[in-house]
file work.txt (compact mmCIF, C-alpha atoms and all ligand atoms)
# COMPACT_ATOMS: atom_id res chain seq x y z
CA VAL A 1 16.03 43.13 -13.35
CA THR A 2 13.66 45.02 -11.05
CA ASP A 3 13.27 48.79 -10.75
CA ALA A 4 15.82 48.73 -7.95
CA GLY A 5 18.30 47.06 -10.28
CA VAL A 6 18.22 43.72 -8.43
CA THR A 7 18.52 40.65 -10.62
CA VAL A 8 15.77 38.15 -9.94
CA ASP A 9 15.47 34.59 -11.16
CA ALA A 10 12.15 33.00 -12.04
CA ALA A 11 11.06 30.22 -9.72
CA VAL A 12 7.98 28.15 -8.96
CA LEU A 13 6.41 27.05 -5.68
CA SER A 14 6.07 23.31 -5.69
CA ALA A 15 4.25 20.74 -3.60
CA ASP A 16 4.24 16.96 -3.78
CA VAL A 17 1.21 15.84 -1.79
CA GLY A 18 1.75 12.21 -0.83
CA GLY A 19 -0.52 9.72 0.91
CA THR A 20 1.60 9.99 4.07
CA ALA A 21 3.93 13.02 3.65
CA THR A 22 3.82 16.29 1.73
CA GLY A 23 6.91 18.01 0.39
CA VAL A 24 6.97 21.74 -0.35
CA GLY A 25 9.78 23.61 -2.04
CA VAL A 26 10.85 26.31 -4.45
CA VAL A 27 12.29 25.28 -7.82
CA THR A 28 14.19 27.58 -10.16
CA ALA A 29 13.71 27.62 -13.93
CA ALA A 30 16.95 25.60 -14.14
CA GLY A 31 15.44 22.84 -12.00
CA GLU A 32 17.33 23.61 -8.81
CA VAL A 33 15.30 22.68 -5.71
CA ARG A 34 15.53 25.27 -2.92
CA PHE A 35 14.04 25.39 0.60
CA ALA A 36 12.50 21.91 0.43
CA SER A 37 10.74 20.56 3.52
CA GLU A 38 8.49 17.66 4.33
CA THR A 39 5.68 17.18 6.84
CA PRO A 40 2.99 14.52 7.39
CA THR A 41 -0.05 14.88 5.13
CA LEU A 42 -3.24 15.86 6.92
CA ALA A 43 -5.62 14.23 4.54
CA ASP A 44 -9.04 14.94 5.97
CA GLY A 45 -9.47 17.63 3.31
CA SER A 46 -11.10 20.08 5.70
CA ALA A 47 -9.47 23.39 6.57
CA THR A 48 -7.15 21.56 8.96
CA GLY A 49 -5.85 19.53 6.00
CA LEU A 50 -5.49 22.31 3.45
CA GLU A 51 -4.60 25.30 5.60
CA PRO A 52 -1.17 23.96 6.64
CA LEU A 53 -0.33 23.31 2.98
CA LEU A 54 -1.39 26.85 1.99
CA ASP A 55 0.58 28.26 4.95
CA ARG A 56 3.70 26.35 3.93
CA LEU A 57 3.39 27.52 0.32
CA ALA A 58 3.06 31.11 1.56
CA ALA A 59 6.13 30.68 3.79
CA ALA A 60 8.12 29.18 0.90
CA ARG A 61 7.21 32.16 -1.27
CA ALA A 62 8.42 34.57 1.41
CA ARG A 63 11.75 32.71 1.64
CA ALA A 64 12.07 32.72 -2.15
CA ALA A 65 11.44 36.48 -2.29
CA ALA A 66 14.03 37.06 0.46
CA ALA A 67 16.53 35.10 -1.66
CA GLY A 68 15.87 37.28 -4.72
CA LEU A 69 13.75 34.72 -6.61
CA ALA A 70 10.64 35.91 -8.47
CA VAL A 71 7.91 33.33 -7.91
CA VAL A 72 5.79 33.12 -11.07
CA GLY A 73 3.41 30.28 -10.19
CA CYS A 74 2.74 27.06 -8.36
CA GLY A 75 2.76 23.39 -9.37
CA ILE A 76 1.27 20.59 -7.26
CA GLY A 77 1.35 16.82 -7.72
CA VAL A 78 -1.21 14.60 -5.98
CA PRO A 79 -1.33 10.79 -5.72
CA GLY A 80 -4.37 9.92 -7.81
CA PRO A 81 -6.61 10.97 -10.67
CA VAL A 82 -6.81 14.71 -11.32
CA ASP A 83 -8.93 16.80 -13.68
CA ALA A 84 -5.89 18.81 -14.75
CA ALA A 85 -7.86 21.17 -17.00
CA ALA A 86 -10.20 22.11 -14.12
CA GLY A 87 -7.43 22.09 -11.49
CA ARG A 88 -9.55 19.73 -9.41
CA ILE A 89 -8.63 16.50 -7.57
CA GLY A 90 -10.64 13.55 -8.96
CA PRO A 91 -13.72 12.19 -7.16
CA ASP A 92 -12.12 8.74 -6.68
CA VAL A 93 -8.69 9.65 -5.25
CA GLN A 94 -7.93 6.67 -2.99
CA ASN A 95 -4.95 7.88 -0.97
CA LEU A 96 -6.55 11.19 0.06
CA PRO A 97 -10.29 10.57 0.35
CA GLY A 98 -10.78 13.84 2.25
CA LEU A 99 -9.54 15.82 -0.76
CA ALA A 100 -11.80 14.10 -3.33
CA GLY A 101 -13.22 16.70 -5.71
CA CYS A 102 -11.22 19.53 -4.08
CA PRO A 103 -10.68 22.52 -6.44
CA LEU A 104 -7.09 22.76 -5.24
CA ALA A 105 -5.69 25.02 -8.00
CA GLU A 106 -8.44 27.60 -7.40
CA LEU A 107 -7.88 27.54 -3.62
CA VAL A 108 -4.13 28.11 -4.00
CA THR A 109 -4.72 30.95 -6.46
CA ALA A 110 -7.27 32.54 -4.11
CA ARG A 111 -4.81 32.42 -1.21
CA LEU A 112 -1.53 33.27 -2.95
CA GLY A 113 -2.63 35.10 -6.09
CA LEU A 114 -0.47 32.79 -8.22
CA PRO A 115 -1.43 30.82 -11.34
CA THR A 116 -1.47 27.18 -10.21
CA VAL A 117 -1.29 23.87 -12.09
CA ILE A 118 -2.11 20.53 -10.47
CA ASP A 119 -1.83 17.01 -11.86
CA ASN A 120 -1.26 13.40 -10.94
CA ASP A 121 2.12 12.90 -9.25
CA VAL A 122 3.40 10.44 -11.87
CA ASN A 123 2.56 12.89 -14.67
CA ALA A 124 4.55 15.42 -12.65
CA LEU A 125 7.51 13.04 -12.34
CA THR A 126 7.34 12.40 -16.09
CA LEU A 127 7.53 16.11 -16.91
CA GLY A 128 10.28 16.52 -14.30
CA GLU A 129 12.43 13.88 -16.03
CA ALA A 130 11.63 15.41 -19.43
CA ARG A 131 12.60 18.92 -18.41
CA PHE A 132 15.32 18.49 -15.80
CA GLY A 133 16.24 14.82 -15.52
CA ALA A 134 17.10 11.57 -17.30
CA ALA A 135 14.83 12.21 -20.31
CA ARG A 136 16.08 15.71 -21.18
CA GLY A 137 16.15 16.23 -24.93
CA LEU A 138 14.00 13.18 -25.76
CA ARG A 139 10.88 13.54 -27.91
CA SER A 140 9.33 10.27 -26.69
CA PHE A 141 9.68 8.18 -23.56
CA VAL A 142 7.64 6.27 -21.04
CA LEU A 143 8.16 6.61 -17.29
CA LEU A 144 7.33 3.78 -14.91
CA ALA A 145 7.27 4.64 -11.21
CA LEU A 146 7.78 1.39 -9.30
CA GLY A 147 6.95 1.70 -5.60
CA THR A 148 3.95 0.94 -3.42
CA GLY A 149 2.00 0.97 -6.68
CA VAL A 150 3.05 1.17 -10.32
CA GLY A 151 2.34 4.44 -12.09
CA GLY A 152 3.10 5.36 -15.67
CA GLY A 153 3.57 8.50 -17.73
CA ILE A 154 3.57 8.59 -21.53
CA TYR A 155 5.45 11.47 -23.18
CA LEU A 156 5.05 11.65 -26.95
CA ASP A 157 6.26 14.42 -29.27
CA GLY A 158 6.95 16.69 -26.34
CA GLU A 159 3.53 16.33 -24.70
CA LEU A 160 1.98 14.15 -21.99
CA TRP A 161 -0.52 11.62 -23.35
CA ARG A 162 -3.45 11.62 -20.91
CA GLY A 163 -5.74 9.47 -23.04
CA ALA A 164 -9.36 9.88 -24.11
CA SER A 165 -10.65 9.91 -20.52
CA GLY A 166 -7.60 10.52 -18.35
CA TYR A 167 -6.47 6.90 -17.97
CA GLY A 168 -3.52 7.14 -20.35
CA GLY A 169 -0.36 5.84 -18.69
CA GLU A 170 -2.01 3.31 -16.33
CA LEU A 171 0.70 0.84 -17.35
CA GLY A 172 0.76 -0.92 -13.99
CA HIS A 173 -2.55 -2.49 -14.96
CA VAL A 174 -1.46 -4.01 -18.25
CA THR A 175 -1.90 -7.80 -18.14
CA VAL A 176 1.30 -9.84 -18.13
CA GLU A 177 -0.26 -13.18 -16.99
CA LEU A 178 -3.70 -14.32 -18.17
CA GLU A 179 -4.62 -16.31 -15.05
CA GLY A 180 -2.29 -14.39 -12.80
CA ARG A 181 -2.35 -12.85 -9.36
CA PRO A 182 -5.42 -10.79 -8.39
CA CYS A 183 -4.86 -7.02 -8.53
CA VAL A 184 -6.32 -4.13 -6.50
CA CYS A 185 -7.93 -2.84 -9.71
CA GLY A 186 -10.23 -5.89 -9.86
CA SER A 187 -8.42 -7.57 -12.74
CA ARG A 188 -5.73 -10.22 -12.46
CA GLY A 189 -2.24 -10.78 -13.81
CA CYS A 190 -1.49 -7.02 -13.90
CA LEU A 191 2.16 -5.90 -14.05
CA LYS A 192 1.60 -4.19 -10.68
CA ALA A 193 0.58 -7.49 -9.06
CA TYR A 194 4.18 -8.73 -9.63
CA VAL A 195 6.47 -5.71 -9.36
CA ALA A 196 4.99 -3.30 -6.79
CA GLY A 197 6.68 -3.38 -3.37
CA PRO A 198 3.77 -4.91 -1.39
CA ASP A 199 3.23 -7.49 -4.16
CA ILE A 200 6.92 -8.51 -4.08
CA GLU A 201 6.58 -8.97 -0.32
CA ALA A 202 3.37 -11.01 -0.78
CA GLN A 203 5.03 -13.27 -3.37
CA ALA A 204 7.94 -13.84 -0.98
CA ARG A 205 5.54 -14.80 1.85
CA GLU A 206 3.70 -17.18 -0.46
CA ALA A 207 6.99 -18.80 -1.49
CA LEU A 208 8.06 -19.07 2.15
CA ALA A 209 4.98 -21.11 3.02
CA ALA A 210 6.46 -23.93 0.95
CA ARG A 211 10.14 -23.27 1.80
CA PRO A 212 10.34 -22.13 5.45
CA GLU A 213 14.11 -22.82 5.59
CA SER A 214 14.79 -19.58 3.65
CA ARG A 215 16.61 -16.80 5.51
CA LEU A 216 13.65 -14.57 4.65
CA ALA A 217 11.50 -16.51 7.14
CA ALA A 218 13.43 -14.95 10.05
CA MET A 219 12.18 -11.48 9.04
CA GLY A 220 8.56 -12.40 9.66
CA GLY A 221 6.10 -9.55 9.26
CA ALA A 222 8.85 -6.94 8.78
CA LEU A 223 9.88 -8.38 5.41
CA THR A 224 10.27 -5.66 2.74
CA ALA A 225 10.77 -5.78 -1.02
CA ARG A 226 14.31 -4.49 -0.49
CA ASP A 227 15.03 -7.46 1.84
CA VAL A 228 13.88 -9.84 -0.91
CA PHE A 229 16.32 -8.27 -3.42
CA GLU A 230 19.16 -8.33 -0.87
CA ALA A 231 18.53 -11.97 0.05
CA ALA A 232 18.48 -12.92 -3.64
CA ARG A 233 21.88 -11.29 -4.16
CA ALA A 234 23.17 -13.15 -1.08
CA GLY A 235 22.18 -16.46 -2.69
CA ASP A 236 18.84 -17.26 -1.04
CA ALA A 237 16.96 -19.55 -3.44
CA VAL A 238 13.44 -18.51 -2.41
CA ALA A 239 14.25 -14.81 -2.79
CA ALA A 240 16.02 -15.47 -6.10
CA GLY A 241 12.91 -17.22 -7.40
CA VAL A 242 10.74 -14.21 -6.50
CA VAL A 243 13.21 -11.76 -8.06
CA ASP A 244 13.33 -13.84 -11.27
CA ARG A 245 9.55 -13.55 -11.48
CA VAL A 246 9.74 -9.76 -10.89
CA CYS A 247 12.35 -9.40 -13.64
CA ARG A 248 10.35 -11.51 -16.07
CA ALA A 249 7.07 -9.65 -15.40
CA LEU A 250 8.83 -6.30 -15.74
CA GLY A 251 10.50 -7.48 -18.95
CA ALA A 252 7.08 -8.45 -20.35
CA GLY A 253 5.67 -5.06 -19.33
CA LEU A 254 8.54 -3.17 -20.93
CA GLY A 255 8.25 -5.32 -24.06
CA GLY A 256 4.58 -4.38 -24.37
CA ILE A 257 5.39 -0.70 -23.96
CA LEU A 258 8.14 -0.88 -26.61
CA ASN A 259 5.89 -2.71 -29.07
CA GLY A 260 2.94 -0.38 -28.49
CA LEU A 261 4.70 2.97 -28.55
CA ASN A 262 8.25 2.47 -29.89
CA PRO A 263 9.65 5.19 -27.57
CA GLU A 264 13.25 6.38 -27.47
CA ALA A 265 13.54 5.41 -23.80
CA ILE A 266 11.82 3.91 -20.79
CA VAL A 267 12.69 5.63 -17.51
CA LEU A 268 12.29 3.49 -14.37
CA THR A 269 12.07 5.33 -11.08
CA GLY A 270 10.74 4.81 -7.54
CA GLY A 271 11.94 2.77 -4.59
CA VAL A 272 11.59 -0.64 -6.28
CA ALA A 273 13.42 0.62 -9.39
CA GLN A 274 16.48 1.34 -7.25
CA SER A 275 16.45 -2.32 -6.12
CA VAL A 276 15.78 -3.59 -9.65
CA GLU A 277 18.81 -1.70 -10.99
CA ALA A 278 21.20 -4.44 -9.82
CA HIS A 279 19.11 -6.94 -11.84
CA LEU A 280 18.68 -4.78 -14.95
CA THR A 281 20.54 -7.25 -17.18
CA ASP A 282 17.94 -9.92 -16.35
CA VAL A 283 15.08 -7.48 -16.92
CA LEU A 284 16.51 -6.54 -20.33
CA THR A 285 17.00 -10.19 -21.31
CA TRP A 286 13.26 -10.71 -20.80
CA THR A 287 12.41 -7.39 -22.46
CA ARG A 288 14.31 -8.49 -25.56
CA ALA A 289 12.47 -11.82 -25.48
CA TYR A 290 9.04 -10.13 -25.41
CA ALA A 291 9.70 -7.09 -27.64
CA LEU A 292 10.02 -6.78 -31.39
CA ALA A 293 13.71 -6.51 -32.27
CA GLY A 294 13.38 -3.15 -34.02
CA ALA A 295 11.53 -1.56 -31.10
CA TYR A 296 13.97 -3.04 -28.56
CA ARG A 297 17.04 -1.75 -30.45
CA ALA A 298 15.66 1.81 -30.67
CA ALA A 299 15.14 2.20 -26.92
CA THR A 300 17.29 2.81 -23.88
CA VAL A 301 16.11 1.69 -20.43
CA ILE A 302 17.25 4.15 -17.79
CA VAL A 303 16.98 3.90 -13.99
CA ALA A 304 16.55 7.45 -12.69
CA PRO A 305 17.30 8.44 -9.09
CA HIS A 306 14.25 8.77 -6.90
CA SER A 307 14.00 11.17 -3.97
CA LYS A 308 11.77 13.76 -2.38
CA ALA A 309 13.65 16.35 -4.42
CA THR A 310 12.77 14.65 -7.74
CA ALA A 311 9.08 14.69 -6.72
CA ILE A 312 9.23 18.41 -5.85
CA ARG A 313 11.11 19.13 -9.08
CA GLY A 314 8.41 17.22 -10.99
CA ALA A 315 5.56 19.27 -9.53
CA ALA A 316 7.38 22.45 -10.57
CA ALA A 317 7.85 21.02 -14.07
CA LEU A 318 4.04 20.79 -14.33
CA PHE A 319 3.87 24.55 -14.08
CA PHE A 320 6.79 25.28 -16.43
CA HIS A 321 5.38 22.82 -18.98
CA GLU A 322 1.92 24.39 -18.87
CA MET A 323 3.40 27.88 -19.40
CA ASP A 324 5.33 26.59 -22.44
CA ARG A 325 2.19 24.97 -23.81
CA ARG A 326 0.19 28.21 -23.50
CA GLY A 327 3.05 30.07 -25.14
CA ARG A 328 3.05 27.68 -28.10
CA ARG A 329 -0.71 28.03 -28.45
CA ARG A 330 -0.43 31.82 -28.56
CA VAL A 331 2.25 31.63 -31.25
CA ARG A 332 0.01 29.46 -33.43
CA GLN A 333 -3.01 31.82 -33.19
ZN ZN B 1 -4.47 -4.08 -11.93

call {"tool": "encode", "arguments": {"input": "work.txt", "output": "structure tokens"}}
result
Amino acid sequence: VTDAGVTVDAAVLSADVGGTATGVGVVTAAGEVRFASETPTLADGSATGLEPLLDRLAAARARAAAAGLAVVGCGIGVPGPVDAAAGRIGPDVQNLPGLAGCPLAELVTARLGLPTVIDNDVNALTLGEARFGAARGLRSFVLLALGTGVGGGIYLDGELWRGASGYGGELGHVTVELEGRPCVCGSRGCLKAYVAGPDIEAQAREALAARPESRLAAMGGALTARDVFEAARAGDAVAAGVVDRVCRALGAGLGGILNGLNPEAIVLTGGVAQSVEAHLTDVLTWTRAYALAGAYRAATVIVAPHSKATAIRGAAALFFHEMDRRGRRRVRQ
């Protein structure tokens, strides 16, 4: 309640900076996404790249204030490694080379006067599911974001596990095949090399070389991972073979996660996860084959909806989570 007697609700400015598009919104403490919008990312990292983002955040704050929301901070997710403690984008961010090393949190605070938390977008999604989504109330879960790449988030005892040097959660690069497909990371046989969208498309093209009679051949260069799943459901043998391989690789990956961490749940999200959902029984059959029985029985595998709103909600959860963490630390002192 303000001096004027107007009730205000706490809210956070939120941005999900993607490789191609950036979403900005306002998220209430209850996880409701308000005033969300999306524009192409200007990734050169110079003033022309950052200024529009800062302008949009400022405009979102003005709209929030007009709606009676009290903006208490800002959360931003970016697609790549982040030094979360320093509020700085990592030096080797691949999708946004122009923003490498950018002290983004400091720049937002300087412009808007708001405390700002930034982190990797999959860590943001993980906290978003923990606070507002499919993993609410869980003490331990692992999130796998299956899309153009495969990202992971590990949530243990109510906290994100970032690892000893920030690589915790890189579950897309766990080996599921010793002599397997080459991976962008330089290794081979990684989970990502089987279940990421572009890798599903590549496996379909490779299979088509030997079986050109498949209906997938007609799609030529426009073939997408979603087409492969649809063709498999329609009875195409080549597509079904690729989807079987995807389900088996994912089952092996989930089995490794269950055996290593024994979480209460694994949350699958992202564009490919929505396609995989129709094949979840097959994935779980392989998961059970690769996991220890006790770890398998303890866990639920959940497919969580994936949208621009869940990404914006996740970036806001970064801020809410950080405030909670600081609060806990103060209580302990
Ligand atoms: Zn890899």

call {"tool": "closest_residue", "arguments": {"input": "work.txt", "among": "A:Glu213, A:Glu170, A:Glu32, A:Glu277", "to": "ligand ZN 1 (chain B)", "atoms": "all atoms listed in the file"}}
result
A:Glu170

call {"tool": "atom_distance", "arguments": {"input": "work.txt", "atom1": "atom CA of A:Cys185", "atom2": "atom CA of A:Asn262"}}
result
26.4 Å

call {"tool": "closest_atom_pairs", "arguments": {"input": "work.txt", "of": "chain A", "to": "ligand ZN 1 (chain B)", "cutoff": "6 Å", "atoms": "all atoms listed in the file", "output": "CSV"}}
result
residue,atom,partner,partner_atom,distance
A:His173,CA,B:ZN1,ZN,3.9
A:Cys183,CA,B:ZN1,ZN,4.5
A:Val184,CA,B:ZN1,ZN,5.7
A:Cys185,CA,B:ZN1,ZN,4.3
A:Ser187,CA,B:ZN1,ZN,5.3
A:Cys190,CA,B:ZN1,ZN,4.6

call {"tool": "axis_aligned_box", "arguments": {"input": "work.txt", "around": "stretch 18-27 of chain A", "padding_each_side": "3 Å", "output": "lines of an AutoDock Vina configuration file"}}
result
center_x = 5.9
center_y = 18.0
center_z = -1.9
size_x = 18.8
size_y = 22.6
size_z = 17.9

call {"tool": "closest_residue", "arguments": {"input": "work.txt", "among": "A:Pro91, A:Pro305, A:Gly25, A:Ala222", "to": "A:Ala62", "atoms": "only C-alpha atoms"}}
result
A:Gly25

call {"tool": "residues_around", "arguments": {"input": "work.txt", "residues": "A:Phe229", "least_positions_apart": "2", "cutoff": "7 Å", "atoms": "all atoms listed in the file", "output": "PDB file with C-alpha atoms, in the frame of the given file"}}
result
ATOM      1  CA  ALA A 225      10.770  -5.780  -1.020  1.00  0.00           C
ATOM      2  CA  ARG A 226      14.310  -4.490  -0.490  1.00  0.00           C
ATOM      3  CA  ASP A 227      15.030  -7.460   1.840  1.00  0.00           C
ATOM      4  CA  ALA A 231      18.530 -11.970   0.050  1.00  0.00           C
ATOM      5  CA  ALA A 232      18.480 -12.920  -3.640  1.00  0.00           C
ATOM      6  CA  ARG A 233      21.880 -11.290  -4.160  1.00  0.00           C
ATOM      7  CA  ALA A 239      14.250 -14.810  -2.790  1.00  0.00           C
ATOM      8  CA  VAL A 243      13.210 -11.760  -8.060  1.00  0.00           C
ATOM      9  CA  SER A 275      16.450  -2.320  -6.120  1.00  0.00           C
TER      10      SER A 275
END

call {"tool": "atom_distance", "arguments": {"input": "work.txt", "atom1": "atom CA of A:Gly327", "atom2": "atom CA of A:Glu159"}}
result
13.8 Å

call {"tool": "atom_distance", "arguments": {"input": "work.txt", "atom1": "atom CA of A:Ala217", "atom2": "atom CA of A:Gly180"}}
result
24.3 Å

call {"tool": "residues_around", "arguments": {"input": "work.txt", "residues": "A:Phe132", "least_positions_apart": "5", "cutoff": "9 Å", "atoms": "all atoms listed in the file", "output": "number ranges by chain"}}
result
A: 30-32, 127, 313-314, 317

call {"tool": "closest_residue", "arguments": {"input": "work.txt", "among": "A:Ala278, A:Ala204, A:Ala298, A:Ala11", "to": "A:Arg245", "atoms": "all atoms listed in the file"}}
result
A:Ala204

call {"tool": "closest_residue", "arguments": {"input": "work.txt", "among": "A:Glu264, A:Ala130, A:Gly271, A:Arg205", "to": "A:Lys308", "atoms": "all atoms listed in the file"}}
result
A:Gly271
